[in-house]
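Undergrad: Have a look at the structure that comes next, please.
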Amino acid sequence: MGTLVESAQFTCTVDMEYLTEVYRAARVLHLPVTVLYLCLRNQTHEPADDPLIGEIKVHQKSIYATQRTKLMMFCYKEGLRLVVHTFNLLPTQSISGLWMSPLCPALG
């Protein structure tokens, strides 16, 4: 797959403890990851305990009529890979759809 350098997660809902465990199990918790997630009304969220996990809250006025992208970006020494999926980053979610790009080499 390549040598992972850093990654980014775009999601609606995230459980940071679960995400940390997934990265730990994959043995990449020492690499930087940025998480962009939707901040809905009345939603509480425990921040990540790891300085390598950057969090960006995206505020939304309405929970209706909005496309909520779920995307992973993996930056490798050899290039970039995108994964578009249908699940939130929660331990109770299951995969119902997934598309993974080929490894796209860096330009230049």
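Each chain of the structure tokens is named A, B, ... in the order shown, its residues numbered from 1; ligands are numbered from 1 in display order.
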Could you list, as a PyMOL selection string, every residue within 12 Å of Tyr23 (chain A), counting only C-alpha atoms and ignoring same-chain residues fewer than 3 positions away?
TA: chain A and resi 4+6-9+16-20+26-33+50+52-53+89
Undergrad: Need to verify the contact set: Glu55 (chain A), 7 Å, only C-alpha atoms, exclusion of same-chain residues closer than 3 positions in sequence. Can you return it as a PyMOL selection string?
TA: chain A and resi 34-36
Undergrad: Set the distance at 9 Å and use only C-alpha atoms: which residues neighbour Pro102 (chain A) once local chain neighbours fewer than 4 positions away are removed? I'd like the list as a ChimeraX atom specification.
TA: /A:80-82
Undergrad: Emit the selected residues as a PDB file, in the first residue's frame, including N, CA and C atoms.
TA:
```pdb
ATOM      1  N   LEU A  80      -0.744   9.624  -2.937  1.00  0.00           N
ATOM      2  CA  LEU A  80      -1.969   9.879  -2.185  1.00  0.00           C
ATOM      3  C   LEU A  80      -3.027   8.835  -2.539  1.00  0.00           C
ATOM      4  N   ARG A  81      -3.803   8.423  -1.542  1.00  0.00           N
ATOM      5  CA  ARG A  81      -4.920   7.514  -1.768  1.00  0.00           C
ATOM      6  C   ARG A  81      -6.150   8.103  -1.081  1.00  0.00           C
ATOM      7  N   LEU A  82      -7.302   8.081  -1.779  1.00  0.00           N
ATOM      8  CA  LEU A  82      -8.569   8.544  -1.227  1.00  0.00           C
ATOM      9  C   LEU A  82      -9.486   7.353  -1.007  1.00  0.00           C
TER      10      LEU A  82
END
```
Undergrad: Apply DSSP to the structure's backbone, then extract all residues of chain A labelled strand (DSSP E) and return them as a VMD selection string.
TA: chain A and resid 4 to 11 33 to 39 53 to 59 71 to 76 79 to 85 98 to 100 104 to 105
Undergrad: Quick one: residues within 12 Å of Met100 (chain A), only C-alpha atoms counted, chain neighbours fewer than 5 positions away excluded, as number ranges by chain?
TA: A: 1, 71-74, 80-85
Undergrad: Go ahead and write the selection's residues with N, CA and C atoms as a PDB file, in the first residue's frame.
TA:
```
ATOM      1  N   MET A   1       0.817  -1.192   0.000  1.00  0.00           N
ATOM      2  CA  MET A   1       0.000   0.000   0.000  1.00  0.00           C
ATOM      3  C   MET A   1       0.864   1.262   0.000  1.00  0.00           C
ATOM      4  N   LEU A  71     -14.868  10.740   4.096  1.00  0.00           N
ATOM      5  CA  LEU A  71     -13.720  10.571   3.224  1.00  0.00           C
ATOM      6  C   LEU A  71     -12.466  10.379   4.063  1.00  0.00           C
ATOM      7  N   MET A  72     -11.578   9.538   3.586  1.00  0.00           N
ATOM      8  CA  MET A  72     -10.268   9.370   4.199  1.00  0.00           C
ATOM      9  C   MET A  72      -9.218   9.750   3.164  1.00  0.00           C
ATOM     10  N   MET A  73      -8.214  10.467   3.598  1.00  0.00           N
ATOM     11  CA  MET A  73      -7.072  10.798   2.740  1.00  0.00           C
ATOM     12  C   MET A  73      -5.831  10.225   3.397  1.00  0.00           C
ATOM     13  N   PHE A  74      -5.106   9.428   2.649  1.00  0.00           N
ATOM     14  CA  PHE A  74      -3.878   8.830   3.158  1.00  0.00           C
ATOM     15  C   PHE A  74      -2.705   9.335   2.323  1.00  0.00           C
ATOM     16  N   LEU A  80      -0.744   9.624  -2.937  1.00  0.00           N
ATOM     17  CA  LEU A  80      -1.969   9.879  -2.185  1.00  0.00           C
ATOM     18  C   LEU A  80      -3.027   8.835  -2.539  1.00  0.00           C
ATOM     19  N   ARG A  81      -3.803   8.423  -1.542  1.00  0.00           N
ATOM     20  CA  ARG A  81      -4.920   7.514  -1.768  1.00  0.00           C
ATOM     21  C   ARG A  81      -6.150   8.103  -1.081  1.00  0.00           C
ATOM     22  N   LEU A  82      -7.302   8.081  -1.779  1.00  0.00           N
ATOM     23  CA  LEU A  82      -8.569   8.544  -1.227  1.00  0.00           C
ATOM     24  C   LEU A  82      -9.486   7.353  -1.007  1.00  0.00           C
ATOM     25  N   VAL A  83     -10.252   7.408   0.079  1.00  0.00           N
ATOM     26  CA  VAL A  83     -11.257   6.388   0.362  1.00  0.00           C
ATOM     27  C   VAL A  83     -12.557   7.123   0.683  1.00  0.00           C
ATOM     28  N   VAL A  84     -13.590   6.875  -0.109  1.00  0.00           N
ATOM     29  CA  VAL A  84     -14.917   7.437   0.129  1.00  0.00           C
ATOM     30  C   VAL A  84     -15.762   6.318   0.716  1.00  0.00           C
ATOM     31  N   HIS A  85     -16.467   6.620   1.810  1.00  0.00           N
ATOM     32  CA  HIS A  85     -17.215   5.560   2.486  1.00  0.00           C
ATOM     33  C   HIS A  85     -18.533   6.084   3.040  1.00  0.00           C
TER      34      HIS A  85
END
```
Undergrad: Might you pull out every residue within 10 Å of Ala106 (chain A), with only C-alpha atoms counted and same-chain residues fewer than 4 positions away left off, and present them as a list in words?
TA: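 With the cut-off at 10 Å, the set is Cys75, Tyr76, Lys77, Glu78, Gly79 and Leu80 of chain A.
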Undergrad: Looking only at the backbone, which of the residues in chain A does DSSP tag as alpha helix (DSSP H), as a PyMOL selection string?
TA: chain A and resi 16-25
Undergrad: Using all heavy atoms, can you write the selected residues to a file as a PDB file, in the first residue's frame?
TA:
```pdb
ATOM      1  N   MET A  16     -13.444   9.684  19.244  1.00  0.00           N
ATOM      2  CA  MET A  16     -11.988   9.813  19.211  1.00  0.00           C
ATOM      3  C   MET A  16     -11.288   8.635  19.884  1.00  0.00           C
ATOM      4  O   MET A  16     -10.218   8.225  19.444  1.00  0.00           O
ATOM      5  CB  MET A  16     -11.544  11.122  19.858  1.00  0.00           C
ATOM      6  CG  MET A  16     -11.801  12.298  18.989  1.00  0.00           C
ATOM      7  SD  MET A  16     -10.898  12.157  17.433  1.00  0.00           S
ATOM      8  CE  MET A  16     -11.142  13.775  16.797  1.00  0.00           C
ATOM      9  N   GLU A  17     -11.885   8.089  20.927  1.00  0.00           N
ATOM     10  CA  GLU A  17     -11.285   6.931  21.582  1.00  0.00           C
ATOM     11  C   GLU A  17     -11.245   5.738  20.623  1.00  0.00           C
ATOM     12  O   GLU A  17     -10.235   5.048  20.511  1.00  0.00           O
ATOM     13  CB  GLU A  17     -12.083   6.569  22.839  1.00  0.00           C
ATOM     14  CG  GLU A  17     -11.446   5.470  23.658  1.00  0.00           C
ATOM     15  CD  GLU A  17     -12.212   5.219  24.945  1.00  0.00           C
ATOM     16  OE1 GLU A  17     -12.706   6.178  25.547  1.00  0.00           O
ATOM     17  OE2 GLU A  17     -12.306   4.037  25.328  1.00  0.00           O
ATOM     18  N   TYR A  18     -12.334   5.531  19.900  1.00  0.00           N
ATOM     19  CA  TYR A  18     -12.395   4.451  18.903  1.00  0.00           C
ATOM     20  C   TYR A  18     -11.375   4.692  17.788  1.00  0.00           C
ATOM     21  O   TYR A  18     -10.631   3.783  17.404  1.00  0.00           O
ATOM     22  CB  TYR A  18     -13.811   4.355  18.337  1.00  0.00           C
ATOM     23  CG  TYR A  18     -13.926   3.452  17.146  1.00  0.00           C
ATOM     24  CD1 TYR A  18     -13.812   2.073  17.274  1.00  0.00           C
ATOM     25  CD2 TYR A  18     -14.148   3.972  15.876  1.00  0.00           C
ATOM     26  CE1 TYR A  18     -13.921   1.234  16.178  1.00  0.00           C
ATOM     27  CE2 TYR A  18     -14.258   3.135  14.776  1.00  0.00           C
ATOM     28  CZ  TYR A  18     -14.139   1.778  14.931  1.00  0.00           C
ATOM     29  OH  TYR A  18     -14.240   0.958  13.840  1.00  0.00           O
ATOM     30  N   LEU A  19     -11.320   5.919  17.267  1.00  0.00           N
ATOM     31  CA  LEU A  19     -10.380   6.237  16.192  1.00  0.00           C
ATOM     32  C   LEU A  19      -8.939   6.014  16.651  1.00  0.00           C
ATOM     33  O   LEU A  19      -8.127   5.452  15.916  1.00  0.00           O
ATOM     34  CB  LEU A  19     -10.568   7.675  15.720  1.00  0.00           C
ATOM     35  CG  LEU A  19      -9.668   8.126  14.568  1.00  0.00           C
ATOM     36  CD1 LEU A  19      -9.947   7.322  13.312  1.00  0.00           C
ATOM     37  CD2 LEU A  19      -9.842   9.608  14.315  1.00  0.00           C
ATOM     38  N   THR A  20      -8.631   6.412  17.870  1.00  0.00           N
ATOM     39  CA  THR A  20      -7.296   6.197  18.430  1.00  0.00           C
ATOM     40  C   THR A  20      -6.970   4.709  18.496  1.00  0.00           C
ATOM     41  O   THR A  20      -5.863   4.291  18.154  1.00  0.00           O
ATOM     42  CB  THR A  20      -7.191   6.834  19.827  1.00  0.00           C
ATOM     43  OG1 THR A  20      -7.464   8.237  19.707  1.00  0.00           O
ATOM     44  CG2 THR A  20      -5.809   6.651  20.418  1.00  0.00           C
ATOM     45  N   GLU A  21      -7.936   3.899  18.915  1.00  0.00           N
ATOM     46  CA  GLU A  21      -7.721   2.451  18.992  1.00  0.00           C
ATOM     47  C   GLU A  21      -7.491   1.846  17.604  1.00  0.00           C
ATOM     48  O   GLU A  21      -6.655   0.958  17.440  1.00  0.00           O
ATOM     49  CB  GLU A  21      -8.887   1.760  19.690  1.00  0.00           C
ATOM     50  CG  GLU A  21      -8.940   2.025  21.172  1.00  0.00           C
ATOM     51  CD  GLU A  21      -7.662   1.612  21.890  1.00  0.00           C
ATOM     52  OE1 GLU A  21      -7.121   0.519  21.603  1.00  0.00           O
ATOM     53  OE2 GLU A  21      -7.182   2.393  22.731  1.00  0.00           O
ATOM     54  N   VAL A  22      -8.226   2.316  16.605  1.00  0.00           N
ATOM     55  CA  VAL A  22      -8.045   1.823  15.227  1.00  0.00           C
ATOM     56  C   VAL A  22      -6.635   2.154  14.732  1.00  0.00           C
ATOM     57  O   VAL A  22      -5.942   1.300  14.167  1.00  0.00           O
ATOM     58  CB  VAL A  22      -9.116   2.406  14.281  1.00  0.00           C
ATOM     59  CG1 VAL A  22      -8.782   2.126  12.827  1.00  0.00           C
ATOM     60  CG2 VAL A  22     -10.492   1.870  14.634  1.00  0.00           C
ATOM     61  N   TYR A  23      -6.189   3.381  14.959  1.00  0.00           N
ATOM     62  CA  TYR A  23      -4.850   3.787  14.539  1.00  0.00           C
ATOM     63  C   TYR A  23      -3.776   3.030  15.321  1.00  0.00           C
ATOM     64  O   TYR A  23      -2.744   2.674  14.777  1.00  0.00           O
ATOM     65  CB  TYR A  23      -4.677   5.296  14.674  1.00  0.00           C
ATOM     66  CG  TYR A  23      -5.102   6.048  13.433  1.00  0.00           C
ATOM     67  CD1 TYR A  23      -6.432   6.109  13.043  1.00  0.00           C
ATOM     68  CD2 TYR A  23      -4.163   6.684  12.632  1.00  0.00           C
ATOM     69  CE1 TYR A  23      -6.825   6.786  11.905  1.00  0.00           C
ATOM     70  CE2 TYR A  23      -4.540   7.359  11.485  1.00  0.00           C
ATOM     71  CZ  TYR A  23      -5.873   7.408  11.123  1.00  0.00           C
ATOM     72  OH  TYR A  23      -6.250   8.060   9.982  1.00  0.00           O
ATOM     73  N   ARG A  24      -4.026   2.794  16.607  1.00  0.00           N
ATOM     74  CA  ARG A  24      -3.074   2.031  17.419  1.00  0.00           C
ATOM     75  C   ARG A  24      -2.967   0.598  16.897  1.00  0.00           C
ATOM     76  O   ARG A  24      -1.865   0.062  16.743  1.00  0.00           O
ATOM     77  CB  ARG A  24      -3.501   2.026  18.889  1.00  0.00           C
ATOM     78  CG  ARG A  24      -2.513   1.279  19.798  1.00  0.00           C
ATOM     79  CD  ARG A  24      -2.889   1.366  21.271  1.00  0.00           C
ATOM     80  NE  ARG A  24      -2.610   2.720  21.747  1.00  0.00           N
ATOM     81  CZ  ARG A  24      -3.539   3.563  22.215  1.00  0.00           C
ATOM     82  NH1 ARG A  24      -4.794   3.187  22.299  1.00  0.00           N
ATOM     83  NH2 ARG A  24      -3.194   4.767  22.616  1.00  0.00           N
ATOM     84  N   ALA A  25      -4.099  -0.029  16.589  1.00  0.00           N
ATOM     85  CA  ALA A  25      -4.104  -1.402  16.073  1.00  0.00           C
ATOM     86  C   ALA A  25      -3.375  -1.497  14.726  1.00  0.00           C
ATOM     87  O   ALA A  25      -2.736  -2.508  14.434  1.00  0.00           O
ATOM     88  CB  ALA A  25      -5.535  -1.909  15.938  1.00  0.00           C
TER      89      ALA A  25
END
```
Undergrad: One decimal, Å: what's the distance from CA of Gly2 (chain A) over to CA of Arg68 (chain A), could you say?
TA: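 Rounded to one decimal, the two atoms are 28.3 Å apart.
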